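Trainee: Structure in structure tokens, see below.
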Amino acid sequence: MAIESIEAFLVGLPEIDDDHRLLVGTINRMGVEIEEASHKLCVELFAEFETAATTHFAREEEILERLGYPEIERHRSYHADLLRRVRELKSLGYEKVSKDALFSRFVEMADFVVDDIFRGDIEFKDFLHG
């Protein structure tokens, strides 16, 4: 379930594009670790993902606000939903979560990242280059 390439979906701002590559790389590593049942490393990757996503979303939102993106509040809400999901899993306590539950949450996060990059961020790509 690896995300092969996001190059066609880059927005043209190096700070955002580099963050997208990092997030996709983390998602891909998580997919491998979950499949191999390396629970400890997967937990570390969830934390790494949360940190990378939080940093990326703040940077992206600051850039979009500075550029006057008219849909900034909707985009912020979109980002907040992913972070809520990650934090919800953390609040359950990773040691209490089965491999199946961990995989299910991973799939949700992977889908959200794909949706954010391939759909959500493409919306502001037109704004940036329009």
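All residue names refer to the structure tokens as shown: chains lettered A, B, ... in order, residues numbered from 1 in each chain, ligands numbered from 1 in order.
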Excluding Val107 of chain A and any residue of its chain fewer than 2 positions from it, enumerate the residues within 12 Å of it, using only C-alpha atoms, and give them as a PyMOL selection string.
Mentor: chain A and resi 1-3+27-28+30-31+34-35+85-86+100-105+109-115
Trainee: Pull N, CA and C atoms from the residues just selected and write them as a PDB file, in the first residue's frame.
Mentor:
```pdb
ATOM      1  N   MET A   1       0.820  -1.192   0.000  1.00  0.00           N
ATOM      2  CA  MET A   1       0.000   0.000   0.000  1.00  0.00           C
ATOM      3  C   MET A   1       0.861   1.252   0.000  1.00  0.00           C
ATOM      4  N   ALA A   2       2.044   1.187  -0.559  1.00  0.00           N
ATOM      5  CA  ALA A   2       2.944   2.340  -0.586  1.00  0.00           C
ATOM      6  C   ALA A   2       2.449   3.379  -1.582  1.00  0.00           C
ATOM      7  N   ILE A   3       2.681   4.628  -1.221  1.00  0.00           N
ATOM      8  CA  ILE A   3       2.403   5.726  -2.136  1.00  0.00           C
ATOM      9  C   ILE A   3       3.650   5.858  -2.997  1.00  0.00           C
ATOM     10  N   ILE A  27       4.535   7.746   6.110  1.00  0.00           N
ATOM     11  CA  ILE A  27       3.393   6.844   5.891  1.00  0.00           C
ATOM     12  C   ILE A  27       3.865   5.533   5.262  1.00  0.00           C
ATOM     13  N   ASN A  28       4.728   5.617   4.276  1.00  0.00           N
ATOM     14  CA  ASN A  28       5.228   4.397   3.628  1.00  0.00           C
ATOM     15  C   ASN A  28       5.995   3.520   4.621  1.00  0.00           C
ATOM     16  N   MET A  30       5.576   3.451   7.875  1.00  0.00           N
ATOM     17  CA  MET A  30       4.596   2.905   8.810  1.00  0.00           C
ATOM     18  C   MET A  30       3.901   1.689   8.209  1.00  0.00           C
ATOM     19  N   GLY A  31       3.568   1.767   6.937  1.00  0.00           N
ATOM     20  CA  GLY A  31       2.909   0.642   6.273  1.00  0.00           C
ATOM     21  C   GLY A  31       3.752  -0.608   6.310  1.00  0.00           C
ATOM     22  N   ILE A  34       3.936  -1.889  10.063  1.00  0.00           N
ATOM     23  CA  ILE A  34       2.692  -2.530  10.516  1.00  0.00           C
ATOM     24  C   ILE A  34       2.569  -3.916   9.899  1.00  0.00           C
ATOM     25  N   GLU A  35       2.882  -4.022   8.623  1.00  0.00           N
ATOM     26  CA  GLU A  35       2.795  -5.325   7.960  1.00  0.00           C
ATOM     27  C   GLU A  35       3.750  -6.328   8.592  1.00  0.00           C
ATOM     28  N   ARG A  85      -7.363  12.847  14.942  1.00  0.00           N
ATOM     29  CA  ARG A  85      -7.347  11.388  14.811  1.00  0.00           C
ATOM     30  C   ARG A  85      -6.060  10.785  15.366  1.00  0.00           C
ATOM     31  N   VAL A  86      -4.940  11.425  15.071  1.00  0.00           N
ATOM     32  CA  VAL A  86      -3.660  10.920  15.575  1.00  0.00           C
ATOM     33  C   VAL A  86      -3.645  10.989  17.104  1.00  0.00           C
ATOM     34  N   ASP A 100      -4.525  -4.944  14.444  1.00  0.00           N
ATOM     35  CA  ASP A 100      -5.595  -4.622  13.492  1.00  0.00           C
ATOM     36  C   ASP A 100      -6.083  -3.184  13.678  1.00  0.00           C
ATOM     37  N   ALA A 101      -6.236  -2.766  14.942  1.00  0.00           N
ATOM     38  CA  ALA A 101      -6.675  -1.388  15.207  1.00  0.00           C
ATOM     39  C   ALA A 101      -5.614  -0.395  14.758  1.00  0.00           C
ATOM     40  N   LEU A 102      -4.349  -0.716  15.011  1.00  0.00           N
ATOM     41  CA  LEU A 102      -3.252   0.139  14.584  1.00  0.00           C
ATOM     42  C   LEU A 102      -3.242   0.255  13.060  1.00  0.00           C
ATOM     43  N   PHE A 103      -3.424  -0.869  12.384  1.00  0.00           N
ATOM     44  CA  PHE A 103      -3.447  -0.857  10.925  1.00  0.00           C
ATOM     45  C   PHE A 103      -4.634  -0.049  10.405  1.00  0.00           C
ATOM     46  N   SER A 104      -5.784  -0.204  11.046  1.00  0.00           N
ATOM     47  CA  SER A 104      -6.974   0.547  10.633  1.00  0.00           C
ATOM     48  C   SER A 104      -6.732   2.049  10.744  1.00  0.00           C
ATOM     49  N   ARG A 105      -6.138   2.493  11.849  1.00  0.00           N
ATOM     50  CA  ARG A 105      -5.856   3.920  12.031  1.00  0.00           C
ATOM     51  C   ARG A 105      -4.796   4.390  11.025  1.00  0.00           C
ATOM     52  N   MET A 109      -5.096   7.425   8.332  1.00  0.00           N
ATOM     53  CA  MET A 109      -4.128   8.512   8.199  1.00  0.00           C
ATOM     54  C   MET A 109      -3.541   8.566   6.796  1.00  0.00           C
ATOM     55  N   ALA A 110      -3.228   7.405   6.241  1.00  0.00           N
ATOM     56  CA  ALA A 110      -2.686   7.376   4.882  1.00  0.00           C
ATOM     57  C   ALA A 110      -3.693   7.954   3.897  1.00  0.00           C
ATOM     58  N   ASP A 111      -4.961   7.568   4.051  1.00  0.00           N
ATOM     59  CA  ASP A 111      -6.003   8.105   3.177  1.00  0.00           C
ATOM     60  C   ASP A 111      -6.128   9.614   3.332  1.00  0.00           C
ATOM     61  N   PHE A 112      -6.036  10.083   4.568  1.00  0.00           N
ATOM     62  CA  PHE A 112      -6.167  11.516   4.817  1.00  0.00           C
ATOM     63  C   PHE A 112      -5.011  12.279   4.181  1.00  0.00           C
ATOM     64  N   VAL A 113      -3.776  11.748   4.323  1.00  0.00           N
ATOM     65  CA  VAL A 113      -2.614  12.412   3.725  1.00  0.00           C
ATOM     66  C   VAL A 113      -2.748  12.450   2.213  1.00  0.00           C
ATOM     67  N   VAL A 114      -3.151  11.336   1.633  1.00  0.00           N
ATOM     68  CA  VAL A 114      -3.358  11.295   0.182  1.00  0.00           C
ATOM     69  C   VAL A 114      -4.419  12.316  -0.213  1.00  0.00           C
ATOM     70  N   ASP A 115      -5.514  12.342   0.525  1.00  0.00           N
ATOM     71  CA  ASP A 115      -6.582  13.294   0.239  1.00  0.00           C
ATOM     72  C   ASP A 115      -6.085  14.724   0.395  1.00  0.00           C
TER      73      ASP A 115
END
```
Trainee: Set the distance at 9 Å and use only C-alpha atoms: which residues neighbour Leu23 of chain A once local chain neighbours fewer than 3 positions away are removed? I'd like the list as a list of chain:residue names.
Mentor: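 After dropping sequence-adjacent residues, the list is A:Asp18, A:Asp19, A:His20, A:Thr26, A:Ile27, A:Asn28, A:Phe49, A:Ala52, A:Ala53, A:His56, A:Val113.
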Trainee: Using only C-alpha atoms, which of the listed residues (A:Glu71, A:Asp121, A:Asp126, A:Glu50) sits closest to Phe9 of chain A?
Mentor: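 The shortest atom-to-atom distance to Phe9 of chain A comes from A:Asp121.
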Trainee: How would you write, as a PyMOL selection string, the set of residues in segment 1-128 of chain A that DSSP gives as helix (DSSP H, G or I)?
Mentor: chain A and resi 7-9+14-35+39-66+72-92+94-96+99-128
Trainee: Nearest to Ala8 of chain A: which of A:Ser98, A:Arg21, A:Glu33, A:Arg74 is it, counting only C-alpha atoms?
Mentor: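 Closest to Ala8 of chain A of all the choices is A:Arg21.
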Trainee: Which residue out of A:Arg29, A:Gly120, A:Phe46, A:Ile6 has the minimum interatomic distance to Ser77 of chain A when only C-alpha atoms are used?
Mentor: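 Among the listed residues, the smallest separation from Ser77 of chain A belongs to A:Gly120.
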Trainee: Considering only C-alpha atoms, state which residue in the set A:Asp116, A:Glu62, A:Glu36, A:Glu7 is at the smallest distance from Tyr78 of chain A.
Mentor: A:Asp116
Trainee: Using only C-alpha atoms for the distances, tell me which of A:Ile72, A:Leu67, A:Val24, A:Leu83 is nearest to His129 of chain A.
Mentor: A:Leu67
